[in-house]
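This report refers to the structure that appears directly beneath it.
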Amino acid sequence: MQVVLKCVIMEARNGVFVTLLDQIHEPSDLKHLTDAELVELAAEIRQFLVESVARTGGHFGANLGVVELTLALHKVYDSPRDKLIWDVGHQAYVHKLLTGRKDKFPTLRQHGGLAGFPRRDESPHDAFGVGHASTSISAGVGMAVARDLNHERHKVVCVIGDGALTGGMAMEALNHAGHLGLDLTVILNDNEMSIAENVGAVSRYLTRLRTDPTYSRAKIEIEQTLRKLPAIGGRLTKGLEKLKDSLRQFVVPGQLFEAFGFKYLGPIDGHDLPELIRVLKDAKSLRGPVLIHVVTKKGKGYASAEAAPDKFHAWPSKSKGKAAPSYSAVFAQTLIELAKQDPRIVAVTAAMPDGTGLNKFAEVFPQRTFDVGIAEQHATTFCAGLAAAGKRPVFAVYSTFLQRAYDQFIHDVCIQKLPVVFAIDRAGLVGPDGETHQGAFDISYLRTVPNVTVMMPKDENELRHMLRTALTIQGPVAVRYPRADGTGVPLDPELQVLPVGKAEVLKHGTDLAIFALGPMVQLAQKAAERLSVQGVSAAVVNLRFVKPLDVDVVLKFADEGIPILVVEEASLAGGVGSAVLECLADNGRHVPVRRRGLPDRFIEHGSRGELLEELGLTVEQLVLDGLTLVANSRQDETPSTRVWG
């Protein structure tokens, strides 16, 4: 390494400054670095992250917090032979830097660029693709079992945050790993919070491990005793250090993890690189399940992020002036208004109070707001229990996170016809977070379930009326809305109850009917205006309700022989377009129908505008679709074939 450092100095003299980070192209490049050089590299990585993420946007605080931990992991383990599995993936930027992807960071979370989360098809060093919480230990157990069945000898290491550990899936995986006695290492990255402040008994338990005064006093006393002893040699010193660790285990045992069958090591300072490397080397030599409790600081090295880790969890790519409040903000404000009138209303979130807007509700109604942690399954059945006891729970949850509670949605809520309102945020395309977060499937997986009402507003004002309507329905209700600012329409001061299952005809037409849902209604209106210039009279229908679908309005246009264009920002398979086709088939109508929506593939990351363009969800494409439908209809039109059935 001395030779390399000399080259750096020489190149700097020639006007070219090459940092340590510039010389890291794969994890093996770390093996010959000294502890001092690794500390210097950690500082360079933090500087790089601050500058790079400020330009591209992305997850910020979590990555600053795991710089030393990631360096130590790649120093000790041999990726990709050894499998490093990251939970959630918010903290994987440092891992990507150390595995040959530094040059791609200008494209981070951009269309066609570097993904914001680990992806198996992006690098052999990404052992498992992630995006949601609490998955790493389960995946690691699977990989460790496969390794043993194949008689292989590599290591499997799972990195999970204290927030993700609150997920029931993580506990199930710990239980299974301990039962099997697998050679598996779990790194608990304890930064005292996930996106929001952690809640629950597990969080309190970790806090006790972190701050136990008995351990702190014992550690000081042991260190003082060691300092008083004469330096009799390295062997005795090393033995006494092990004695200190053993006494720490005795004073502050990781009883919870030991009950699962894991050997517990910690708590360890997650920013002390030499200590991390030492502990990881010790853990690597052990057999059986090992859990290393590492305490880190979210946003480490950037003062603003350290002071407000929730605000610096993710950095927006660009700042822009808002013309209108977001749908999430309108949801929260409307729920506050409704809760002031109805004391039965309570709000529930699964570790996303800020993202869903429920932090504002909590300021007004702290006793009626419940954050259950990263536990969507529990949240759903918790809401079922609240509803069974006479409350009106509103569970604010991202579309892709609700997927995790599908069984509870069916078994605990819908079968019992309990009045739980699911406020489904981030429905449709979400942009840079990509395929793990695109809210594509909620219509498909909700509308097949009996007893549920599913609706989506065309704008933020209609969202207000839908929430009012949802709380009058004596059964499960899902109100889905996008991750977007509103349209800027005036907000009605008086909330109204909408007629359930009835669409809204916004424009009448005789040549074409455009059925649209949610934000696609505005596209439909603009397309209808352009079509009129080309001699096509297009009706625009705001469907509003996916379930129950307005059968009358569908059959009205079918009976007039008017072709139908359905546009939605959701999966075409099982979406509202499918519902329209089913309605026509069930009622014996045969009329030309064309659907626009999300295709049968996972949608990668990119800006919302880029994705809409790529998927054909544009005014221009709707105009082309409309012209094609009308032209084909006019060619086929005869007195006997204009209306079928």
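Residues in the structure tokens are numbered from 1 in each chain, the chains being A, B, ... in the order shown, and ligands are numbered from 1 in the order shown.
Proximity to segment 416-425 of chain A at 7 Å, evaluated using only C-alpha atoms and with sequence-adjacent residues fewer than 4 positions away removed, yields A:Thr356, A:Cys383, A:Ala384, A:Ala387, A:Ala388, A:Arg392, A:Pro393, A:Val394, A:Phe395, A:Ala396, A:Val397, A:Tyr398, A:Ser399, A:Asp412, A:Asn451, A:Ala470, A:Ile473, A:Gln474, A:Gly475, A:Pro476, A:Val477, A:Ala478, A:Val479, A:Arg480, A:Tyr481, A:Pro482, A:Arg483.
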Test item: residues at most 10 Å from segment 153-157 of chain A, only C-alpha atoms, excluding those fewer than 6 positions along its chain, as JSON, numbers by chain: {"A": [73, 77, 78, 79, 80, 81, 82, 83, 84, 85, 86, 127, 136, 137, 139, 140, 141, 142, 143, 144, 147, 182, 183, 184, 185, 186, 187, 284, 290, 291]}
Spatial neighbours of Thr296 of chain A, 6 Å, only C-alpha atoms, chain gap at least 6 places, as a ChimeraX atom specification: /A:65,190-191,270
Test item: residues at most 12 Å from Thr487 of chain A, only C-alpha atoms, excluding those fewer than 4 positions along its chain, as a ChimeraX atom specification: /A:322-327,330,457-463,482,491,518-522
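With atom CA of Arg608 of chain A on one side and atom CA of Gly431 of chain A on the other, the separation reads 4.9 Å.
In this model, the gap between atom CA of Ser633 of chain A and atom CA of Val566 of chain A comes to 16.0 Å.
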Report, in Å to a single decimal, how far apart atom CA of Arg464 of chain A and atom CA of Ser328 of chain A are.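 Those two atoms sit 11.0 Å apart.
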Shell around segment 253-269 of chain A at 6 Å using only C-alpha atoms, local window under 4 positions removed, as a PyMOL selection string: chain A and resi 175+178+249+289-295
Polymer residues at most 9 Å from segment 623-628 of chain A, only C-alpha atoms, same-chain spacing of 4 or more positions, as a list in words: Leu512, Ala513, Ile514, Ala524, Ala527, Ala528, Arg530, Leu531, Gln534, Val536, Ala538, Pro563, Ile564, Leu565, Arg594, Arg596, Thr618, Val619, Asn632 and Ser633 of chain A
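Checking A:Glu376, A:Asp35, A:Asp600, A:Glu26 one by one against His74 of chain A, counting only C-alpha atoms, you find the shortest gap at A:Glu26.
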Please, which residues of segment 363-464 of chain A, numbered as in this document, come out helix (DSSP H, G or I) from DSSP, as a PyMOL selection string? chain A and resi 363-364+366-368+376-388+399-414+434-436+442-446+460-464
Between A:Gly161, A:Pro599, A:Gly588, A:Gly131, smallest distance to Phe401 of chain A by only C-alpha atoms belongs to A:Gly131
